[in-house]
>>> print(open('protein_19.txt').read())   # compact mmCIF, C-alpha atoms
# COMPACT_ATOMS: atom_id res chain seq x y z
CA MET U 943 7.02 -24.37 8.21
CA GLY U 944 4.80 -21.62 9.56
CA LEU U 945 3.51 -18.54 7.81
CA GLU U 946 6.08 -16.67 5.71
CA LEU U 947 5.60 -13.19 4.27
CA TYR U 948 7.74 -11.75 1.48
CA LEU U 949 7.59 -7.98 1.82
CA ASP U 950 9.29 -4.65 1.26
CA LEU U 951 7.78 -1.85 3.34
CA LEU U 952 8.56 0.57 0.52
CA SER U 953 5.52 -1.07 -1.11
CA GLN U 954 2.13 0.19 -0.01
CA PRO U 955 0.31 -3.20 -0.21
CA CYS U 956 3.18 -4.77 1.73
CA ARG U 957 2.65 -2.18 4.45
CA ALA U 958 -1.04 -3.07 4.64
CA VAL U 959 -0.27 -6.79 5.02
CA TYR U 960 2.48 -6.10 7.57
CA ILE U 961 0.32 -3.83 9.72
CA PHE U 962 -2.60 -6.25 9.62
CA ALA U 963 -0.50 -9.24 10.66
CA LYS U 964 1.32 -7.34 13.41
CA LYS U 965 -1.79 -5.65 14.77
CA ASN U 966 -3.62 -8.97 15.03
CA GLY U 967 -0.74 -10.90 16.58
CA ILE U 968 -0.38 -13.23 13.59
CA PRO U 969 3.02 -14.96 13.81
CA PHE U 970 5.07 -14.93 10.63
CA GLU U 971 8.60 -15.18 9.32
CA LEU U 972 9.55 -12.03 7.42
CA HIS U 973 11.56 -12.22 4.21
CA ILE U 974 12.64 -8.79 2.93
CA VAL U 975 12.57 -8.49 -0.87
CA ASP U 976 14.44 -5.27 -1.64
CA LEU U 977 12.58 -3.59 -4.51
CA ILE U 978 15.14 -0.83 -4.96
CA LYS U 979 17.82 -3.46 -5.55
CA GLY U 980 15.57 -5.33 -7.96
CA GLN U 981 15.44 -8.48 -5.81
CA HIS U 982 11.82 -9.06 -6.85
CA LEU U 983 13.01 -9.50 -10.43
CA SER U 984 15.48 -12.26 -9.54
CA ASP U 985 15.15 -15.89 -10.58
CA ALA U 986 15.27 -16.85 -6.90
CA PHE U 987 12.18 -14.79 -6.04
CA ALA U 988 10.40 -16.01 -9.18
CA GLN U 989 10.40 -19.42 -7.51
CA VAL U 990 8.16 -17.88 -4.83
CA ASN U 991 6.09 -15.64 -7.11
CA PRO U 992 6.42 -16.04 -10.88
CA LEU U 993 4.72 -12.63 -11.22
CA LYS U 994 7.81 -11.13 -9.52
CA LYS U 995 5.72 -8.90 -7.25
CA VAL U 996 5.39 -8.37 -3.52
CA PRO U 997 3.70 -9.14 -1.23
CA ALA U 998 3.72 -12.91 -1.36
CA LEU U 999 2.68 -15.42 1.28
CA LYS U 1000 3.76 -18.99 1.92
CA ASP U 1001 1.86 -21.17 4.36
CA GLY U 1002 3.53 -24.56 4.30
CA ASP U 1003 3.35 -25.72 0.70
CA PHE U 1004 0.63 -23.16 -0.14
CA THR U 1005 1.70 -19.93 -1.88
CA LEU U 1006 -0.52 -16.89 -2.39
CA THR U 1007 0.08 -13.59 -4.19
CA GLU U 1008 -1.87 -10.32 -4.51
CA SER U 1009 -2.28 -8.19 -1.41
CA VAL U 1010 -6.07 -8.23 -1.17
CA ALA U 1011 -6.14 -12.02 -1.53
CA ILE U 1012 -3.49 -12.26 1.21
CA LEU U 1013 -5.41 -9.95 3.55
CA LEU U 1014 -8.62 -11.93 3.04
CA TYR U 1015 -6.77 -15.22 3.60
CA LEU U 1016 -5.44 -13.91 6.91
CA THR U 1017 -8.90 -12.76 8.05
CA ARG U 1018 -10.28 -16.23 7.33
CA LYS U 1019 -7.46 -18.31 8.75
CA TYR U 1020 -6.89 -16.40 11.98
CA LYS U 1021 -9.29 -15.24 14.67
CA VAL U 1022 -9.33 -11.48 14.12
CA PRO U 1023 -11.95 -8.91 15.16
CA ASP U 1024 -15.01 -8.93 12.91
CA TYR U 1025 -14.71 -5.25 12.00
CA TRP U 1026 -11.74 -5.89 9.71
CA TYR U 1027 -13.94 -7.84 7.27
CA PRO U 1028 -17.45 -8.01 8.73
CA GLN U 1029 -19.72 -11.06 8.58
CA ASP U 1030 -22.71 -8.80 7.97
CA LEU U 1031 -23.53 -9.05 4.26
CA GLN U 1032 -23.88 -5.36 3.48
CA ALA U 1033 -21.04 -4.22 5.75
CA ARG U 1034 -18.72 -6.72 4.03
CA ALA U 1035 -19.96 -5.57 0.64
CA ARG U 1036 -18.90 -2.00 1.48
CA VAL U 1037 -15.36 -3.22 2.22
CA ASP U 1038 -15.37 -5.24 -1.00
CA GLU U 1039 -16.59 -2.19 -2.91
CA TYR U 1040 -13.67 -0.09 -1.77
CA LEU U 1041 -11.12 -2.86 -2.37
CA ALA U 1042 -12.44 -3.28 -5.92
CA TRP U 1043 -12.38 0.47 -6.60
CA GLN U 1044 -8.95 1.36 -5.30
CA HIS U 1045 -6.81 -0.78 -7.62
CA THR U 1046 -7.13 1.45 -10.67
CA THR U 1047 -7.83 4.75 -8.94
CA LEU U 1048 -6.15 5.62 -5.66
CA ARG U 1049 -3.28 3.17 -6.14
CA ARG U 1050 -2.49 4.51 -9.59
CA SER U 1051 -2.68 8.16 -8.51
CA CYS U 1052 -0.51 7.64 -5.43
CA LEU U 1053 2.10 5.59 -7.28
CA ARG U 1054 2.39 8.15 -10.05
CA ALA U 1055 2.67 11.00 -7.55
CA LEU U 1056 5.54 9.26 -5.73
CA TRP U 1057 7.48 8.43 -8.88
CA HIS U 1058 6.88 11.64 -10.83
CA LYS U 1059 7.51 13.97 -7.90
CA MET U 1060 10.45 12.19 -6.30
CA MET U 1061 11.61 8.76 -7.41
CA PHE U 1062 12.21 9.55 -11.08
CA PRO U 1063 14.20 12.77 -10.54
CA VAL U 1064 15.91 11.88 -7.24
CA PHE U 1065 16.44 8.11 -7.34
CA LEU U 1066 16.60 7.37 -11.07
CA GLY U 1067 17.99 10.73 -12.20
CA GLU U 1068 15.28 11.05 -14.84
CA PRO U 1069 13.72 14.50 -15.29
CA VAL U 1070 9.94 14.84 -15.19
CA SER U 1071 8.40 17.70 -17.15
CA PRO U 1072 6.47 20.34 -15.19
CA GLN U 1073 3.41 19.56 -17.31
CA THR U 1074 3.55 15.87 -16.40
CA LEU U 1075 3.95 16.62 -12.70
CA VAL U 1076 1.06 19.11 -12.72
CA ALA U 1077 -1.19 16.57 -14.47
CA THR U 1078 -0.19 13.82 -12.03
CA LEU U 1079 -0.91 15.95 -8.96
CA ALA U 1080 -4.21 17.12 -10.45
CA GLU U 1081 -5.21 13.48 -10.98
CA LEU U 1082 -4.32 12.73 -7.36
CA ASP U 1083 -6.45 15.65 -6.19
CA VAL U 1084 -9.47 14.40 -8.14
CA THR U 1085 -9.04 10.89 -6.70
CA LEU U 1086 -8.75 12.24 -3.14
CA GLN U 1087 -12.00 14.11 -3.65
CA LEU U 1088 -13.67 10.89 -4.80
CA LEU U 1089 -12.30 9.09 -1.75
CA GLU U 1090 -13.88 11.74 0.50
CA ASP U 1091 -17.18 12.13 -1.32
CA LYS U 1092 -17.95 8.50 -2.18
CA PHE U 1093 -16.37 6.52 0.64
CA LEU U 1094 -15.50 8.62 3.70
CA GLN U 1095 -18.38 11.11 3.60
CA ASN U 1096 -19.05 12.02 7.26
CA LYS U 1097 -18.06 8.70 8.80
CA ALA U 1098 -15.19 7.96 11.18
CA PHE U 1099 -13.86 5.31 8.79
CA LEU U 1100 -14.36 4.54 5.11
CA THR U 1101 -17.09 1.93 5.54
CA GLY U 1102 -18.61 2.76 8.92
CA PRO U 1103 -17.85 3.43 12.59
CA HIS U 1104 -14.96 0.94 12.83
CA ILE U 1105 -11.68 0.43 11.01
CA SER U 1106 -11.69 -2.20 8.26
CA LEU U 1107 -9.38 -3.58 5.60
CA ALA U 1108 -10.55 -0.69 3.40
CA ASP U 1109 -9.00 1.90 5.72
CA LEU U 1110 -5.76 -0.03 6.03
CA VAL U 1111 -5.37 -0.35 2.27
CA ALA U 1112 -6.27 3.31 1.76
CA ILE U 1113 -3.94 4.85 4.34
CA THR U 1114 -0.93 2.87 3.14
CA GLU U 1115 -1.60 4.15 -0.38
CA LEU U 1116 -1.85 7.77 0.75
CA MET U 1117 1.48 7.59 2.55
CA HIS U 1118 3.16 7.16 -0.85
CA PRO U 1119 2.59 10.78 -1.96
CA VAL U 1120 3.21 11.91 1.62
CA GLY U 1121 6.65 10.30 1.34
CA ALA U 1122 7.22 12.33 -1.83
CA GLY U 1123 6.42 15.58 0.00
CA CYS U 1124 2.82 15.99 -1.17
CA GLN U 1125 0.55 17.76 1.31
CA VAL U 1126 -2.19 15.17 0.92
CA PHE U 1127 -4.14 16.10 4.03
CA GLU U 1128 -3.68 19.87 3.89
CA GLY U 1129 -6.99 21.62 3.29
CA ARG U 1130 -8.85 18.34 3.74
CA PRO U 1131 -9.98 18.33 7.38
CA LYS U 1132 -12.21 15.25 7.03
CA LEU U 1133 -9.39 13.25 5.49
CA ALA U 1134 -6.93 14.51 8.12
CA THR U 1135 -9.28 13.48 10.93
CA TRP U 1136 -9.75 10.08 9.31
CA ARG U 1137 -5.98 9.59 9.20
CA GLN U 1138 -5.80 10.25 12.95
CA HIS U 1139 -8.58 7.72 13.54
CA VAL U 1140 -6.71 5.10 11.51
CA LYS U 1141 -3.39 5.78 13.27
CA ALA U 1142 -5.08 5.50 16.67
CA ALA U 1143 -6.82 2.25 15.71
CA VAL U 1144 -3.61 0.72 14.36
CA GLY U 1145 -1.36 2.15 17.08
CA GLU U 1146 1.06 5.04 16.69
CA ASP U 1147 4.18 2.88 17.07
CA LEU U 1148 3.14 0.26 14.52
CA PHE U 1149 2.01 2.96 12.07
CA ARG U 1150 5.36 4.73 12.40
CA GLU U 1151 7.33 1.48 12.04
CA ALA U 1152 5.45 0.45 8.89
CA HIS U 1153 5.96 3.82 7.20
CA GLU U 1154 9.54 4.53 8.21
CA VAL U 1155 10.96 3.40 4.85
CA ILE U 1156 8.61 5.44 2.65
CA LEU U 1157 9.07 8.56 4.77
CA LYS U 1158 12.85 8.28 4.30
CA ALA U 1159 12.66 7.51 0.57
CA LYS U 1160 13.78 11.05 -0.27
CA ASP U 1161 17.16 10.14 1.22
CA PHE U 1162 17.75 7.15 -1.06
CA PRO U 1163 21.09 7.46 -2.90
CA PRO U 1164 20.87 7.63 -6.70
CA ALA U 1165 20.42 4.27 -8.36
CA ASP U 1166 23.42 2.44 -9.71
CA PRO U 1167 23.26 2.44 -13.56
CA THR U 1168 22.93 -1.35 -13.66
CA ILE U 1169 20.07 -1.29 -11.17
CA LYS U 1170 18.44 1.58 -13.04
CA GLN U 1171 18.51 -0.37 -16.29
CA LYS U 1172 16.95 -3.37 -14.54
CA LEU U 1173 14.24 -1.34 -12.80
CA MET U 1174 13.12 1.00 -15.57
CA PRO U 1175 10.86 -1.44 -17.49
CA TRP U 1176 9.23 -2.52 -14.21
CA VAL U 1177 8.68 1.06 -13.06
CA LEU U 1178 7.24 2.20 -16.38
CA ALA U 1179 4.84 -0.75 -16.46
CA MET U 1180 3.81 -0.15 -12.86
CA ILE U 1181 2.85 3.52 -13.25
CA ARG U 1182 1.42 3.54 -16.77
>>> encode(input="protein_19.txt", output="structure tokens")
Amino acid sequence: MGLELYLDLLSQPCRAVYIFAKKNGIPFELHIVDLIKGQHLSDAFAQVNPLKKVPALKDGDFTLTESVAILLYLTRKYKVPDYWYPQDLQARARVDEYLAWQHTTLRRSCLRALWHKMMFPVFLGEPVSPQTLVATLAELDVTLQLLEDKFLQNKAFLTGPHISLADLVAITELMHPVGAGCQVFEGRPKLATWRQHVKAAVGEDLFREAHEVILKAKDFPPADPTIKQKLMPWVLAMIR
């Protein structure tokens, strides 16, 4: 068996893995794990990943979970351009720094913005108080400012003059609130220019393909009550 990837492009880390593999011509067999239907919570998927999360990778009899670990595995196994995860000690450390920072900051803010602004009221039929939504969007705004001030600064990309894994992980996160209708790049010219740099480096067609699901999430039909009951504990744990 060759490389197998278990993904749902509704998931931001899945989008990062998908774009990276496609952009670098890495052959893989795609297995869709439909999050909205709760397929990741099934006993069948638990055989692949007992954590019941996507993405997951299988390479023969080797299984790997966690998106950053998967991205690093792919950079080491396949011949990809050095700029994704540079050999230079300090350049690599800058990528590592961002990847370590984003888990509890940008990811949390973007997830909460998506669910509080759209997925709770539209998909799950659960009202979100105006106070909660205001606080969530304020938190997102603070995190975006940190992203600009600490990482982007006046550079073309987050860690230097070339795209890296840091940019790929960041842009896929930011497309979550964009999918919810948040004007993430409005009034942020440096961040808007950076997005254009990332899209150009990835390729417009691949970028559009990877984000098609999240940009159509507002059109999801309301969740079936059974699915809602299954998903609620997972959603609440994910965005806490």
>>> residues_around(input="protein_19.txt", residues="Met1117 of chain U", least_positions_apart="2", cutoff="10 Å", atoms="all atoms listed in the file", output="count of residues only")
17
>>> residues_around(input="protein_19.txt", residues="segment 997-1012 of chain U", least_positions_apart="6", cutoff="7 Å", atoms="only C-alpha atoms", output="PDB file with C-alpha atoms, in the coordinates of the input")
ATOM      1  CA  MET U 943       7.020 -24.370   8.210  1.00  0.00           C
ATOM      2  CA  GLY U 944       4.800 -21.620   9.560  1.00  0.00           C
ATOM      3  CA  LEU U 945       3.510 -18.540   7.810  1.00  0.00           C
ATOM      4  CA  GLU U 946       6.080 -16.670   5.710  1.00  0.00           C
ATOM      5  CA  LEU U 947       5.600 -13.190   4.270  1.00  0.00           C
ATOM      6  CA  TYR U 948       7.740 -11.750   1.480  1.00  0.00           C
ATOM      7  CA  LEU U 949       7.590  -7.980   1.820  1.00  0.00           C
ATOM      8  CA  PRO U 955       0.310  -3.200  -0.210  1.00  0.00           C
ATOM      9  CA  CYS U 956       3.180  -4.770   1.730  1.00  0.00           C
ATOM     10  CA  VAL U 959      -0.270  -6.790   5.020  1.00  0.00           C
ATOM     11  CA  ASN U 991       6.090 -15.640  -7.110  1.00  0.00           C
TER      12      ASN U 991
END
>>> closest_residue(input="protein_19.txt", among="U:His1118, U:Asp1166, U:Val1070, U:Arg1034", to="Ala1055 of chain U", atoms="only C-alpha atoms")
U:His1118
>>> axis_aligned_box(input="protein_19.txt", around="segment 995-1000 of chain U", padding_each_side="6 Å", output="lines of an AutoDock Vina configuration file")
center_x = 4.2
center_y = -13.7
center_z = -2.7
size_x = 15.0
size_y = 22.6
size_z = 21.2
>>> atom_distance(input="protein_19.txt", atom1="atom CA of Met1180 of chain U", atom2="atom CA of Phe1099 of chain U")
28.5 Å
>>> closest_residue(input="protein_19.txt", among="U:Leu1079, U:Leu1016, U:Leu1086, U:Leu1107", to="Ala1042 of chain U", atoms="all atoms listed in the file")
U:Leu1107
>>> atom_distance(input="protein_19.txt", atom1="atom CA of Leu1094 of chain U", atom2="atom CA of Tyr1020 of chain U")
27.7 Å
>>> closest_residue(input="protein_19.txt", among="U:Pro969, U:Gly1067, U:Pro1023, U:Pro1175", to="His1104 of chain U", atoms="only C-alpha atoms")
U:Pro1023
>>> atom_distance(input="protein_19.txt", atom1="atom CA of Ser1051 of chain U", atom2="atom CA of Thr1078 of chain U")
7.1 Å
>>> closest_residue(input="protein_19.txt", among="U:Glu1128, U:Thr1168, U:Leu1133, U:Ala1108", to="Ala1033 of chain U", atoms="all atoms listed in the file")
U:Ala1108
>>> closest_residue(input="protein_19.txt", among="U:Ala1035, U:Val1177, U:Ala958, U:Val1022", to="Leu1116 of chain U", atoms="only C-alpha atoms")
U:Ala958
>>> closest_residue(input="protein_19.txt", among="U:Asp1030, U:Glu971, U:Glu1081, U:Glu1151", to="Leu1053 of chain U", atoms="only C-alpha atoms")
U:Glu1081
>>> residues_around(input="protein_19.txt", residues="Leu1173 of chain U", least_positions_apart="3", cutoff="8 Å", atoms="all atoms listed in the file", output="PDB file with C-alpha atoms, keeping the file's coordinate frame")
ATOM      1  CA  ILE U 978      15.140  -0.830  -4.960  1.00  0.00           C
ATOM      2  CA  GLY U 980      15.570  -5.330  -7.960  1.00  0.00           C
ATOM      3  CA  ILE U1169      20.070  -1.290 -11.170  1.00  0.00           C
ATOM      4  CA  LYS U1170      18.440   1.580 -13.040  1.00  0.00           C
ATOM      5  CA  TRP U1176       9.230  -2.520 -14.210  1.00  0.00           C
ATOM      6  CA  VAL U1177       8.680   1.060 -13.060  1.00  0.00           C
TER       7      VAL U1177
END
>>> residues_around(input="protein_19.txt", residues="Leu1178 of chain U", least_positions_apart="6", cutoff="12 Å", atoms="only C-alpha atoms", output="CSV table (one decimal) with C-alpha atoms, in the frame of the given file")
chain,number,residue,atom,x,y,z
U,1053,LEU,CA,2.1,5.6,-7.3
U,1054,ARG,CA,2.4,8.2,-10.0
U,1057,TRP,CA,7.5,8.4,-8.9
U,1058,HIS,CA,6.9,11.6,-10.8
U,1061,MET,CA,11.6,8.8,-7.4
U,1062,PHE,CA,12.2,9.6,-11.1
U,1066,LEU,CA,16.6,7.4,-11.1
U,1170,LYS,CA,18.4,1.6,-13.0
U,1171,GLN,CA,18.5,-0.4,-16.3
U,1172,LYS,CA,17.0,-3.4,-14.5
>>> decode(input="protein_19.txt", residues="segment 956-1090 of chain U", atoms="C-alpha atoms", output="PDB file, in the first residue's frame")
ATOM      1  CA  CYS U 956      -6.618  18.781   6.658  1.00  0.00           C
ATOM      2  CA  ARG U 957      -6.530  21.584   4.104  1.00  0.00           C
ATOM      3  CA  ALA U 958      -2.902  22.316   4.977  1.00  0.00           C
ATOM      4  CA  VAL U 959      -1.903  18.658   4.514  1.00  0.00           C
ATOM      5  CA  TYR U 960      -3.907  18.377   1.281  1.00  0.00           C
ATOM      6  CA  ILE U 961      -2.414  21.522  -0.260  1.00  0.00           C
ATOM      7  CA  PHE U 962       1.107  20.514   0.722  1.00  0.00           C
ATOM      8  CA  ALA U 963       0.816  17.028  -0.758  1.00  0.00           C
ATOM      9  CA  LYS U 964      -0.837  18.247  -3.966  1.00  0.00           C
ATOM     10  CA  LYS U 965       1.520  21.183  -4.464  1.00  0.00           C
ATOM     11  CA  ASN U 966       4.566  18.953  -4.095  1.00  0.00           C
ATOM     12  CA  GLY U 967       3.295  16.150  -6.320  1.00  0.00           C
ATOM     13  CA  ILE U 968       3.168  13.623  -3.479  1.00  0.00           C
ATOM     14  CA  PRO U 969       1.000  10.678  -4.574  1.00  0.00           C
ATOM     15  CA  PHE U 970      -1.631   9.578  -2.090  1.00  0.00           C
ATOM     16  CA  GLU U 971      -4.937   7.779  -1.808  1.00  0.00           C
ATOM     17  CA  LEU U 972      -7.591  10.077  -0.348  1.00  0.00           C
ATOM     18  CA  HIS U 973     -10.104   8.788   2.186  1.00  0.00           C
ATOM     19  CA  ILE U 974     -12.823  11.337   3.006  1.00  0.00           C
ATOM     20  CA  VAL U 975     -13.895  11.301   6.660  1.00  0.00           C
ATOM     21  CA  ASP U 976     -17.075  13.389   6.785  1.00  0.00           C
ATOM     22  CA  LEU U 977     -16.929  15.419   9.997  1.00  0.00           C
ATOM     23  CA  ILE U 978     -20.432  16.831   9.627  1.00  0.00           C
ATOM     24  CA  LYS U 979     -21.807  13.289   9.539  1.00  0.00           C
ATOM     25  CA  GLY U 980     -19.702  12.309  12.538  1.00  0.00           C
ATOM     26  CA  GLN U 981     -17.696   9.694  10.616  1.00  0.00           C
ATOM     27  CA  HIS U 982     -14.588  10.563  12.631  1.00  0.00           C
ATOM     28  CA  LEU U 983     -16.383   9.359  15.758  1.00  0.00           C
ATOM     29  CA  SER U 984     -17.130   5.920  14.308  1.00  0.00           C
ATOM     30  CA  ASP U 985     -15.596   2.672  15.508  1.00  0.00           C
ATOM     31  CA  ALA U 986     -14.321   2.078  11.977  1.00  0.00           C
ATOM     32  CA  PHE U 987     -12.280   5.296  11.943  1.00  0.00           C
ATOM     33  CA  ALA U 988     -11.057   4.645  15.489  1.00  0.00           C
ATOM     34  CA  GLN U 989      -9.175   1.698  13.995  1.00  0.00           C
ATOM     35  CA  VAL U 990      -7.169   4.253  11.995  1.00  0.00           C
ATOM     36  CA  ASN U 991      -6.916   6.936  14.683  1.00  0.00           C
ATOM     37  CA  PRO U 992      -8.038   6.101  18.222  1.00  0.00           C
ATOM     38  CA  LEU U 993      -8.085   9.865  18.911  1.00  0.00           C
ATOM     39  CA  LYS U 994     -10.945  10.105  16.373  1.00  0.00           C
ATOM     40  CA  LYS U 995      -9.472  13.190  14.701  1.00  0.00           C
ATOM     41  CA  VAL U 996      -8.417  14.133  11.196  1.00  0.00           C
ATOM     42  CA  PRO U 997      -6.020  14.344   9.492  1.00  0.00           C
ATOM     43  CA  ALA U 998      -4.486  10.901   9.730  1.00  0.00           C
ATOM     44  CA  LEU U 999      -1.828   9.286   7.568  1.00  0.00           C
ATOM     45  CA  LYS U1000      -1.102   5.664   6.769  1.00  0.00           C
ATOM     46  CA  ASP U1001       2.113   4.683   5.016  1.00  0.00           C
ATOM     47  CA  GLY U1002       2.067   0.918   4.722  1.00  0.00           C
ATOM     48  CA  ASP U1003       1.767  -0.381   8.266  1.00  0.00           C
ATOM     49  CA  PHE U1004       2.823   2.986   9.751  1.00  0.00           C
ATOM     50  CA  THR U1005       0.084   5.321  11.017  1.00  0.00           C
ATOM     51  CA  LEU U1006       0.595   8.952  12.022  1.00  0.00           C
ATOM     52  CA  THR U1007      -1.795  11.531  13.477  1.00  0.00           C
ATOM     53  CA  GLU U1008      -1.562  15.276  14.224  1.00  0.00           C
ATOM     54  CA  SER U1009      -1.279  17.648  11.287  1.00  0.00           C
ATOM     55  CA  VAL U1010       2.094  19.196  12.119  1.00  0.00           C
ATOM     56  CA  ALA U1011       3.648  15.754  12.597  1.00  0.00           C
ATOM     57  CA  ILE U1012       2.175  14.691   9.245  1.00  0.00           C
ATOM     58  CA  LEU U1013       3.498  17.782   7.453  1.00  0.00           C
ATOM     59  CA  LEU U1014       6.977  17.262   8.903  1.00  0.00           C
ATOM     60  CA  TYR U1015       6.900  13.570   7.952  1.00  0.00           C
ATOM     61  CA  LEU U1016       6.072  14.495   4.366  1.00  0.00           C
ATOM     62  CA  THR U1017       8.897  17.071   4.192  1.00  0.00           C
ATOM     63  CA  ARG U1018      11.362  14.426   5.382  1.00  0.00           C
ATOM     64  CA  LYS U1019      10.160  11.503   3.298  1.00  0.00           C
ATOM     65  CA  TYR U1020       9.726  13.289  -0.025  1.00  0.00           C
ATOM     66  CA  LYS U1021      12.024  15.571  -1.977  1.00  0.00           C
ATOM     67  CA  VAL U1022      10.335  18.945  -1.557  1.00  0.00           C
ATOM     68  CA  PRO U1023      11.804  22.446  -1.910  1.00  0.00           C
ATOM     69  CA  ASP U1024      13.876  23.489   1.092  1.00  0.00           C
ATOM     70  CA  TYR U1025      11.830  26.626   1.766  1.00  0.00           C
ATOM     71  CA  TRP U1026       8.916  24.614   3.165  1.00  0.00           C
ATOM     72  CA  TYR U1027      10.995  23.539   6.180  1.00  0.00           C
ATOM     73  CA  PRO U1028      14.501  24.958   5.754  1.00  0.00           C
ATOM     74  CA  GLN U1029      17.709  23.118   6.625  1.00  0.00           C
ATOM     75  CA  ASP U1030      19.200  26.343   7.977  1.00  0.00           C
ATOM     76  CA  LEU U1031      19.031  26.125  11.770  1.00  0.00           C
ATOM     77  CA  GLN U1032      17.573  29.549  12.496  1.00  0.00           C
ATOM     78  CA  ALA U1033      15.231  29.614   9.493  1.00  0.00           C
ATOM     79  CA  ARG U1034      13.815  26.241  10.578  1.00  0.00           C
ATOM     80  CA  ALA U1035      13.513  27.494  14.142  1.00  0.00           C
ATOM     81  CA  ARG U1036      11.311  30.366  12.926  1.00  0.00           C
ATOM     82  CA  VAL U1037       8.951  27.872  11.278  1.00  0.00           C
ATOM     83  CA  ASP U1038       8.959  25.750  14.439  1.00  0.00           C
ATOM     84  CA  GLU U1039       8.228  28.856  16.510  1.00  0.00           C
ATOM     85  CA  TYR U1040       5.109  29.652  14.533  1.00  0.00           C
ATOM     86  CA  LEU U1041       3.903  26.039  14.494  1.00  0.00           C
ATOM     87  CA  ALA U1042       4.282  25.883  18.284  1.00  0.00           C
ATOM     88  CA  TRP U1043       2.474  29.205  18.800  1.00  0.00           C
ATOM     89  CA  GLN U1044      -0.531  28.713  16.567  1.00  0.00           C
ATOM     90  CA  HIS U1045      -2.104  25.685  18.269  1.00  0.00           C
ATOM     91  CA  THR U1046      -3.568  27.568  21.223  1.00  0.00           C
ATOM     92  CA  THR U1047      -3.891  30.999  19.648  1.00  0.00           C
ATOM     93  CA  LEU U1048      -4.848  31.386  15.997  1.00  0.00           C
ATOM     94  CA  ARG U1049      -6.431  27.944  15.748  1.00  0.00           C
ATOM     95  CA  ARG U1050      -8.591  28.525  18.798  1.00  0.00           C
ATOM     96  CA  SER U1051      -9.678  32.008  17.694  1.00  0.00           C
ATOM     97  CA  CYS U1052     -10.526  30.917  14.155  1.00  0.00           C
ATOM     98  CA  LEU U1053     -12.418  27.817  15.272  1.00  0.00           C
ATOM     99  CA  ARG U1054     -14.482  29.776  17.771  1.00  0.00           C
ATOM    100  CA  ALA U1055     -15.267  32.470  15.192  1.00  0.00           C
ATOM    101  CA  LEU U1056     -16.535  29.867  12.709  1.00  0.00           C
ATOM    102  CA  TRP U1057     -18.711  28.034  15.224  1.00  0.00           C
ATOM    103  CA  HIS U1058     -20.048  31.020  17.157  1.00  0.00           C
ATOM    104  CA  LYS U1059     -20.806  33.134  14.094  1.00  0.00           C
ATOM    105  CA  MET U1060     -22.186  30.455  11.802  1.00  0.00           C
ATOM    106  CA  MET U1061     -22.045  26.768  12.650  1.00  0.00           C
ATOM    107  CA  PHE U1062     -23.868  26.913  15.982  1.00  0.00           C
ATOM    108  CA  PRO U1063     -26.806  29.059  14.816  1.00  0.00           C
ATOM    109  CA  VAL U1064     -27.046  27.835  11.201  1.00  0.00           C
ATOM    110  CA  PHE U1065     -25.945  24.194  11.269  1.00  0.00           C
ATOM    111  CA  LEU U1066     -26.763  23.122  14.830  1.00  0.00           C
ATOM    112  CA  GLY U1067     -29.679  25.499  15.418  1.00  0.00           C
ATOM    113  CA  GLU U1068     -28.155  26.668  18.698  1.00  0.00           C
ATOM    114  CA  PRO U1069     -28.371  30.401  19.446  1.00  0.00           C
ATOM    115  CA  VAL U1070     -25.204  32.275  20.392  1.00  0.00           C
ATOM    116  CA  SER U1071     -25.594  35.326  22.611  1.00  0.00           C
ATOM    117  CA  PRO U1072     -24.506  38.691  21.174  1.00  0.00           C
ATOM    118  CA  GLN U1073     -22.091  39.059  24.086  1.00  0.00           C
ATOM    119  CA  THR U1074     -20.417  35.735  23.296  1.00  0.00           C
ATOM    120  CA  LEU U1075     -20.096  36.579  19.609  1.00  0.00           C
ATOM    121  CA  VAL U1076     -18.642  40.022  20.350  1.00  0.00           C
ATOM    122  CA  ALA U1077     -16.086  38.494  22.729  1.00  0.00           C
ATOM    123  CA  THR U1078     -15.149  35.806  20.201  1.00  0.00           C
ATOM    124  CA  LEU U1079     -14.607  38.304  17.382  1.00  0.00           C
ATOM    125  CA  ALA U1080     -12.627  40.591  19.694  1.00  0.00           C
ATOM    126  CA  GLU U1081     -10.377  37.655  20.598  1.00  0.00           C
ATOM    127  CA  LEU U1082      -9.875  36.936  16.899  1.00  0.00           C
ATOM    128  CA  ASP U1083      -8.941  40.563  16.268  1.00  0.00           C
ATOM    129  CA  VAL U1084      -6.313  40.496  19.020  1.00  0.00           C
ATOM    130  CA  THR U1085      -4.827  37.271  17.632  1.00  0.00           C
ATOM    131  CA  LEU U1086      -4.701  38.684  14.092  1.00  0.00           C
ATOM    132  CA  GLN U1087      -2.799  41.681  15.419  1.00  0.00           C
ATOM    133  CA  LEU U1088      -0.311  39.345  17.095  1.00  0.00           C
ATOM    134  CA  LEU U1089       0.073  37.422  13.840  1.00  0.00           C
ATOM    135  CA  GLU U1090       0.921  40.668  12.036  1.00  0.00           C
TER     136      GLU U1090
END
